$ cat data_34.csv   # CSV, N, CA and C atoms
chain,number,residue,atom,x,y,z
A,318,MET,N,13.1,12.9,12.0
A,318,MET,CA,12.9,13.6,10.8
A,318,MET,C,11.7,13.1,10.1
A,319,ILE,N,10.8,13.9,9.6
A,319,ILE,CA,9.6,13.5,8.9
A,319,ILE,C,9.9,13.4,7.5
A,320,THR,N,9.6,12.2,6.9
A,320,THR,CA,9.7,12.0,5.4
A,320,THR,C,8.5,12.5,4.7
A,321,MET,N,8.6,12.7,3.4
A,321,MET,CA,7.4,13.2,2.7
A,321,MET,C,6.3,12.2,2.8
A,322,ARG,N,6.6,10.9,2.9
A,322,ARG,CA,5.5,9.9,3.0
A,322,ARG,C,4.7,10.1,4.3
A,323,GLU,N,5.3,10.6,5.3
A,323,GLU,CA,4.6,10.8,6.6
A,323,GLU,C,4.0,12.2,6.7
A,324,MET,N,4.2,13.0,5.7
A,324,MET,CA,3.8,14.4,5.8
A,324,MET,C,2.3,14.6,5.7
A,325,GLN,N,1.7,15.3,6.6
A,325,GLN,CA,0.3,15.6,6.5
A,325,GLN,C,0.2,16.9,5.6
A,326,PHE,N,-1.0,17.1,5.0
A,326,PHE,CA,-1.1,18.3,4.1
A,326,PHE,C,-2.5,18.8,4.1
A,327,LYS,N,-2.6,20.1,3.7
A,327,LYS,CA,-3.9,20.7,3.5
A,327,LYS,C,-3.9,21.3,2.1
A,328,LEU,N,-5.0,21.5,1.5
A,328,LEU,CA,-5.1,22.1,0.2
A,328,LEU,C,-5.8,23.4,0.2
A,329,PHE,N,-5.3,24.3,-0.6
A,329,PHE,CA,-5.9,25.6,-0.8
A,329,PHE,C,-6.2,25.8,-2.3
A,330,PHE,N,-7.5,25.9,-2.6
A,330,PHE,CA,-7.9,26.0,-4.0
A,330,PHE,C,-8.0,27.5,-4.4
A,331,THR,N,-7.4,27.9,-5.5
A,331,THR,CA,-7.4,29.3,-5.9
A,331,THR,C,-8.7,29.8,-6.4
A,332,HIS,N,-9.6,28.8,-6.9
A,332,HIS,CA,-10.9,29.2,-7.4
A,332,HIS,C,-11.7,27.9,-7.5
A,333,ARG,N,-13.0,28.1,-7.8
A,333,ARG,CA,-13.9,26.9,-8.0
A,333,ARG,C,-13.8,26.4,-9.4
A,334,VAL,N,-13.9,25.1,-9.6
A,334,VAL,CA,-13.9,24.5,-10.9
A,334,VAL,C,-15.3,24.4,-11.4
A,335,GLU,N,-15.5,24.8,-12.7
A,335,GLU,CA,-16.8,24.8,-13.4
A,335,GLU,C,-17.2,23.3,-13.7
A,336,ASP,N,-16.3,22.6,-14.3
A,336,ASP,CA,-16.6,21.2,-14.8
A,336,ASP,C,-15.4,20.3,-14.4
A,337,ILE,N,-15.7,19.4,-13.4
A,337,ILE,CA,-14.6,18.6,-12.9
A,337,ILE,C,-13.9,17.7,-13.9
A,338,PHE,N,-14.6,17.5,-15.0
A,338,PHE,CA,-14.0,16.6,-16.1
A,338,PHE,C,-13.3,17.4,-17.2
A,339,ASN,N,-13.5,18.7,-17.2
A,339,ASN,CA,-12.9,19.5,-18.3
A,339,ASN,C,-12.5,20.9,-17.7
A,340,ASP,N,-11.4,20.9,-17.0
A,340,ASP,CA,-11.0,22.2,-16.4
A,340,ASP,C,-9.6,22.0,-15.9
A,341,ASN,N,-9.0,23.1,-15.3
A,341,ASN,CA,-7.7,23.0,-14.7
A,341,ASN,C,-7.8,23.9,-13.5
A,342,ILE,N,-6.9,23.7,-12.5
A,342,ILE,CA,-6.9,24.5,-11.3
A,342,ILE,C,-5.5,24.6,-10.7
A,343,ASP,N,-5.2,25.8,-10.2
A,343,ASP,CA,-3.9,26.0,-9.5
A,343,ASP,C,-4.3,25.7,-8.0
A,344,ILE,N,-3.5,24.9,-7.3
A,344,ILE,CA,-3.7,24.7,-5.9
A,344,ILE,C,-2.4,24.9,-5.2
A,345,HIS,N,-2.5,25.3,-3.9
A,345,HIS,CA,-1.4,25.3,-3.0
A,345,HIS,C,-1.5,24.1,-2.1
A,346,ILE,N,-0.4,23.4,-1.9
A,346,ILE,CA,-0.3,22.3,-1.0
A,346,ILE,C,0.5,22.7,0.2
A,347,ILE,N,-0.2,22.7,1.4
A,347,ILE,CA,0.4,23.2,2.6
A,347,ILE,C,0.8,22.0,3.4
A,348,LEU,N,2.1,21.8,3.6
A,348,LEU,CA,2.6,20.6,4.3
A,348,LEU,C,2.7,21.0,5.8
A,349,SER,N,2.6,19.9,6.6
A,349,SER,CA,2.6,20.1,8.1
A,349,SER,C,3.9,20.7,8.6
A,350,ASN,N,5.0,20.7,7.8
A,350,ASN,CA,6.2,21.4,8.2
A,350,ASN,C,6.2,22.9,7.9
A,351,ASP,N,5.0,23.4,7.4
A,351,ASP,CA,4.8,24.8,7.0
A,351,ASP,C,5.3,25.2,5.6
A,352,ASP,N,5.9,24.2,4.9
A,352,ASP,CA,6.2,24.5,3.5
A,352,ASP,C,5.0,24.6,2.6
A,353,VAL,N,5.0,25.4,1.6
A,353,VAL,CA,3.9,25.6,0.7
A,353,VAL,C,4.4,25.3,-0.7
A,354,TYR,N,3.7,24.5,-1.4
A,354,TYR,CA,4.0,24.1,-2.8
A,354,TYR,C,2.8,24.5,-3.7
A,355,VAL,N,3.1,24.6,-5.0
A,355,VAL,CA,2.1,24.9,-6.0
A,355,VAL,C,2.1,23.8,-7.0
A,356,ALA,N,0.9,23.6,-7.5
A,356,ALA,CA,0.7,22.6,-8.7
A,356,ALA,C,-0.5,23.1,-9.5
A,357,THR,N,-0.5,22.8,-10.8
A,357,THR,CA,-1.6,23.0,-11.6
A,357,THR,C,-2.1,21.7,-12.1
A,358,LEU,N,-3.4,21.4,-11.7
A,358,LEU,CA,-4.0,20.1,-12.1
A,358,LEU,C,-4.8,20.3,-13.3
A,359,PHE,N,-4.7,19.4,-14.3
A,359,PHE,CA,-5.4,19.4,-15.5
A,359,PHE,C,-6.1,18.0,-15.7
A,360,THR,N,-7.3,18.0,-16.4
A,360,THR,CA,-7.9,16.8,-16.8
A,360,THR,C,-7.4,16.6,-18.3
A,361,LEU,N,-7.4,15.3,-18.7
A,361,LEU,CA,-7.0,15.1,-20.1
A,361,LEU,C,-8.0,15.8,-21.1
A,362,LYS,N,-9.3,15.8,-20.8
A,362,LYS,CA,-10.3,16.5,-21.6
A,362,LYS,C,-9.9,17.9,-21.7
A,363,ASN,N,-9.5,18.6,-20.7
A,363,ASN,CA,-9.2,20.0,-20.7
A,363,ASN,C,-7.9,20.2,-21.6
A,364,ILE,N,-6.9,19.4,-21.4
A,364,ILE,CA,-5.7,19.5,-22.3
A,364,ILE,C,-6.1,19.4,-23.7
A,365,ASP,N,-6.9,18.4,-24.1
A,365,ASP,CA,-7.4,18.2,-25.4
A,365,ASP,C,-8.1,19.5,-25.9
A,366,MET,N,-9.0,20.0,-25.1
A,366,MET,CA,-9.8,21.2,-25.5
A,366,MET,C,-8.8,22.4,-25.7
A,367,LEU,N,-7.9,22.6,-24.8
A,367,LEU,CA,-6.9,23.7,-25.0
A,367,LEU,C,-6.1,23.6,-26.2
A,368,MET,N,-5.6,22.4,-26.5
A,368,MET,CA,-4.8,22.1,-27.7
A,368,MET,C,-5.6,22.4,-29.0
A,369,ARG,N,-6.8,21.9,-29.0
A,369,ARG,CA,-7.6,22.1,-30.2
A,369,ARG,C,-8.0,23.6,-30.4
A,370,SER,N,-8.3,24.3,-29.3
A,370,SER,CA,-8.7,25.7,-29.5
A,370,SER,C,-7.5,26.5,-29.9
A,371,ASP,N,-6.3,26.2,-29.5
A,371,ASP,CA,-5.1,26.9,-29.9
A,371,ASP,C,-4.4,26.3,-31.1
A,372,GLU,N,-5.0,25.2,-31.7
A,372,GLU,CA,-4.4,24.5,-32.8
A,372,GLU,C,-2.9,24.2,-32.5
A,373,ALA,N,-2.6,23.8,-31.3
A,373,ALA,CA,-1.3,23.6,-30.8
A,373,ALA,C,-0.7,22.2,-31.2
A,374,SER,N,0.6,22.1,-31.4
A,374,SER,CA,1.2,20.9,-31.7
A,374,SER,C,1.8,20.2,-30.5
A,375,TYR,N,1.8,21.0,-29.3
A,375,TYR,CA,2.3,20.4,-28.1
A,375,TYR,C,1.6,21.2,-26.9
A,376,PHE,N,1.7,20.6,-25.7
A,376,PHE,CA,1.2,21.3,-24.5
A,376,PHE,C,2.1,21.0,-23.4
A,377,TRP,N,2.4,22.0,-22.6
A,377,TRP,CA,3.1,21.9,-21.4
A,377,TRP,C,2.7,22.9,-20.4
A,378,ALA,N,3.0,22.6,-19.1
A,378,ALA,CA,2.8,23.6,-18.0
A,378,ALA,C,3.7,23.2,-16.9
A,379,SER,N,4.2,24.2,-16.3
A,379,SER,CA,5.1,23.9,-15.1
A,379,SER,C,4.2,23.4,-14.0
A,380,ASP,N,4.8,22.5,-13.2
A,380,ASP,CA,4.1,22.0,-12.0
A,380,ASP,C,2.8,21.3,-12.4
A,381,MET,N,2.7,20.7,-13.6
A,381,MET,CA,1.5,20.1,-14.1
A,381,MET,C,1.3,18.6,-13.5
A,382,ILE,N,0.1,18.4,-13.1
A,382,ILE,CA,-0.3,17.0,-12.6
A,382,ILE,C,-1.6,16.8,-13.4
A,383,ILE,N,-1.7,15.6,-14.1
A,383,ILE,CA,-2.8,15.3,-14.8
A,383,ILE,C,-3.6,14.3,-14.0
A,384,VAL,N,-4.9,14.6,-13.9
A,384,VAL,CA,-5.8,13.7,-13.1
A,384,VAL,C,-7.1,13.4,-13.9
A,385,PRO,N,-7.8,12.3,-13.6
A,385,PRO,CA,-9.0,12.0,-14.3
A,385,PRO,C,-10.1,13.0,-14.1
A,386,ASP,N,-10.2,13.6,-12.9
A,386,ASP,CA,-11.2,14.6,-12.7
A,386,ASP,C,-10.7,15.5,-11.6
A,387,LEU,N,-11.4,16.6,-11.4
A,387,LEU,CA,-10.9,17.6,-10.4
A,387,LEU,C,-11.8,17.6,-9.1
A,388,SER,N,-12.3,16.5,-8.7
A,388,SER,CA,-13.0,16.4,-7.5
A,388,SER,C,-12.0,16.5,-6.3
A,389,HIS,N,-12.4,17.0,-5.2
A,389,HIS,CA,-11.5,17.1,-4.1
A,389,HIS,C,-10.9,15.7,-3.7
A,390,LEU,N,-11.7,14.7,-3.8
A,390,LEU,CA,-11.2,13.4,-3.4
A,390,LEU,C,-10.1,12.9,-4.4
A,391,THR,N,-10.3,13.1,-5.6
A,391,THR,CA,-9.2,12.7,-6.6
A,391,THR,C,-8.0,13.6,-6.4
A,392,ILE,N,-8.1,14.9,-6.2
A,392,ILE,CA,-7.0,15.7,-6.0
A,392,ILE,C,-6.2,15.3,-4.7
A,393,ARG,N,-6.9,15.0,-3.6
A,393,ARG,CA,-6.2,14.6,-2.4
A,393,ARG,C,-5.5,13.3,-2.6
A,394,LYS,N,-6.1,12.4,-3.3
A,394,LYS,CA,-5.5,11.1,-3.6
A,394,LYS,C,-4.3,11.2,-4.4
A,395,ALA,N,-4.3,12.1,-5.5
A,395,ALA,CA,-3.1,12.3,-6.3
A,395,ALA,C,-2.0,12.9,-5.5
A,396,ILE,N,-2.2,13.9,-4.7
A,396,ILE,CA,-1.2,14.5,-3.9
A,396,ILE,C,-0.6,13.5,-2.9
A,397,GLN,N,-1.5,12.7,-2.3
A,397,GLN,CA,-1.0,11.7,-1.3
A,397,GLN,C,-0.1,10.7,-2.0
A,398,GLU,N,-0.5,10.2,-3.2
A,398,GLU,CA,0.3,9.3,-3.9
A,398,GLU,C,1.6,9.9,-4.3
A,399,ALA,N,1.7,11.1,-4.7
A,399,ALA,CA,2.9,11.8,-5.1
A,399,ALA,C,3.9,11.8,-3.9
A,400,LEU,N,3.3,12.1,-2.7
A,400,LEU,CA,4.1,12.1,-1.5
A,400,LEU,C,4.6,10.8,-1.2
A,401,ASP,N,3.7,9.8,-1.2
A,401,ASP,CA,4.0,8.4,-0.8
A,401,ASP,C,5.1,7.8,-1.7
A,402,GLU,N,5.0,8.1,-3.0
A,402,GLU,CA,5.9,7.5,-4.0
A,402,GLU,C,7.1,8.3,-4.3
A,403,GLY,N,7.3,9.4,-3.6
A,403,GLY,CA,8.5,10.2,-3.6
A,403,GLY,C,8.6,11.1,-4.8
A,404,TYR,N,7.5,11.4,-5.5
A,404,TYR,CA,7.6,12.3,-6.7
A,404,TYR,C,7.1,13.7,-6.4
A,405,PHE,N,6.6,13.9,-5.2
A,405,PHE,CA,6.0,15.2,-4.9
A,405,PHE,C,6.9,16.4,-5.3
A,406,GLU,N,8.1,16.4,-4.9
A,406,GLU,CA,9.0,17.6,-5.1
A,406,GLU,C,9.4,17.7,-6.6
A,407,ASN,N,9.2,16.7,-7.4
A,407,ASN,CA,9.4,16.7,-8.8
A,407,ASN,C,8.2,17.3,-9.5
A,408,ALA,N,7.0,17.0,-9.0
A,408,ALA,CA,5.8,17.4,-9.6
A,408,ALA,C,5.3,18.8,-9.2
A,409,CYS,N,5.8,19.3,-8.1
A,409,CYS,CA,5.3,20.6,-7.5
A,409,CYS,C,6.5,21.5,-7.2
A,410,SER,N,6.3,22.8,-7.1
A,410,SER,CA,7.4,23.7,-6.8
A,410,SER,C,7.1,24.4,-5.4
A,411,LYS,N,8.1,24.4,-4.6
A,411,LYS,CA,8.0,25.1,-3.3
A,411,LYS,C,8.0,26.6,-3.6
A,412,ILE,N,7.0,27.3,-3.0
A,412,ILE,CA,6.8,28.8,-3.2
A,412,ILE,C,7.0,29.6,-1.9
A,413,GLY,N,7.3,28.9,-0.8
A,413,GLY,CA,7.5,29.6,0.5
A,413,GLY,C,7.0,28.8,1.6
A,414,THR,N,6.7,29.5,2.7
A,414,THR,CA,6.1,28.9,3.9
A,414,THR,C,4.7,29.5,4.1
A,415,VAL,N,4.0,28.9,5.1
A,415,VAL,CA,2.7,29.4,5.4
A,415,VAL,C,2.7,30.9,5.7
A,416,LYS,N,3.7,31.3,6.5
A,416,LYS,CA,3.9,32.7,6.9
A,416,LYS,C,4.1,33.6,5.7
A,417,THR,N,5.0,33.2,4.8
A,417,THR,CA,5.3,34.1,3.7
A,417,THR,C,4.2,34.1,2.6
A,418,VAL,N,3.5,33.0,2.4
A,418,VAL,CA,2.5,32.9,1.3
A,418,VAL,C,1.2,33.4,1.8
A,419,PHE,N,0.8,33.1,3.0
A,419,PHE,CA,-0.6,33.4,3.5
A,419,PHE,C,-0.6,34.4,4.6
A,420,ASP,N,0.4,35.2,4.8
A,420,ASP,CA,0.4,36.3,5.8
A,420,ASP,C,-0.8,37.2,5.7
A,421,TYR,N,-1.3,37.4,4.4
A,421,TYR,CA,-2.4,38.3,4.2
A,421,TYR,C,-3.7,37.7,4.8
A,422,LYS,N,-3.7,36.4,5.0
A,422,LYS,CA,-4.9,35.8,5.7
A,422,LYS,C,-4.7,35.7,7.2
A,423,GLY,N,-3.5,36.0,7.7
A,423,GLY,CA,-3.2,35.9,9.1
A,423,GLY,C,-2.7,34.6,9.5
A,424,TRP,N,-2.4,33.7,8.5
A,424,TRP,CA,-1.9,32.4,8.9
A,424,TRP,C,-0.4,32.4,9.1
A,425,GLN,N,0.0,31.9,10.2
A,425,GLN,CA,1.4,31.9,10.5
A,425,GLN,C,2.1,30.5,10.5
A,426,SER,N,1.2,29.5,10.6
A,426,SER,CA,1.7,28.1,10.5
A,426,SER,C,0.6,27.2,10.0
A,427,TYR,N,1.0,26.0,9.8
A,427,TYR,CA,0.1,24.9,9.4
A,427,TYR,C,-1.2,24.9,10.2
A,428,ASN,N,-1.0,25.0,11.5
A,428,ASN,CA,-2.1,24.9,12.4
A,428,ASN,C,-3.1,26.0,12.3
A,429,HIS,N,-2.7,27.1,11.7
A,429,HIS,CA,-3.5,28.3,11.6
A,429,HIS,C,-4.4,28.2,10.3
A,430,VAL,N,-4.0,27.3,9.4
A,430,VAL,CA,-4.7,27.3,8.1
A,430,VAL,C,-6.2,27.0,8.4
A,431,ASP,N,-7.0,27.9,7.8
A,431,ASP,CA,-8.5,27.8,8.0
A,431,ASP,C,-9.1,26.7,7.2
A,432,LYS,N,-9.6,25.7,7.8
A,432,LYS,CA,-10.2,24.6,7.1
A,432,LYS,C,-11.4,24.9,6.2
A,433,THR,N,-12.0,26.1,6.4
A,433,THR,CA,-13.1,26.5,5.6
A,433,THR,C,-12.6,26.9,4.2
A,434,SER,N,-11.3,27.2,4.0
A,434,SER,CA,-10.8,27.6,2.8
A,434,SER,C,-10.2,26.4,2.0
A,435,ILE,N,-10.3,25.2,2.6
A,435,ILE,CA,-9.7,24.0,2.0
A,435,ILE,C,-10.8,23.3,1.2

$ encode --input "data_34.csv" --output "structure tokens"
Amino acid sequence: MITMREMQFKLFFTHRVEDIFNDNIDIHIILSNDDVYVATLFTLKNIDMLMRSDEASYFWASDMIIVPDLSHLTIRKAIQEALDEGYFENACSKIGTVKTVFDYKGWQSYNHVDKTSI
């Protein structure tokens, strides 16, 4: 049995980030067992900006992970640490499998995931 710590993963970004220090992004995390999870990554600067613009007294988001920046390296490191430390399934929600989530792209399994989209 493969534990989360040993799990390989690929990332699918839903859009490009404008400012890696002040933005947020939804990502799909595709595990090597074909499970697909979702997370929304925010920077602290982005949360501050959103709260100020809405004059909000609190901020929350489901599947939220706060990172110092939204570079691909930082995002990969954060997801790997969540897997290694056993918090991954608490921080992210499972939304299906490669086949059910990415059928429109023709992806049937982890091995079919197009690396150009990562």

$ residues_around --input "data_34.csv" --residues "Thr414 in chain A" --least-positions-apart "2" --cutoff "12 Å" --atoms "only C-alpha atoms" --output "list in words"
His345, Ile346, Ile347, Leu348, Ser349, Asn350, Asp351, Asp352, Val353, Tyr354, Val355, Ser410, Lys411, Ile412, Lys416, Thr417, Val418, Phe419, Asp420, Trp424, Gln425, Ser426, Tyr427 and Val430 of chain A

$ atom_distance --input "data_34.csv" --atom1 "CA of Thr357 in chain A" --atom2 "CA of Ile344 in chain A"
6.3 Å

$ atom_distance --input "data_34.csv" --atom1 "atom N of Met321 in chain A" --atom2 "atom N of Asp401 in chain A"
7.3 Å

$ closest_residue --input "data_34.csv" --among "A:Leu358, A:Ile342, A:Ala395, A:Leu400" --to "Met324 in chain A" --atoms "only N, CA and C atoms"
A:Leu400

$ atom_distance --input "data_34.csv" --atom1 "CA of Asp386 in chain A" --atom2 "CA of Phe338 in chain A"
4.8 Å
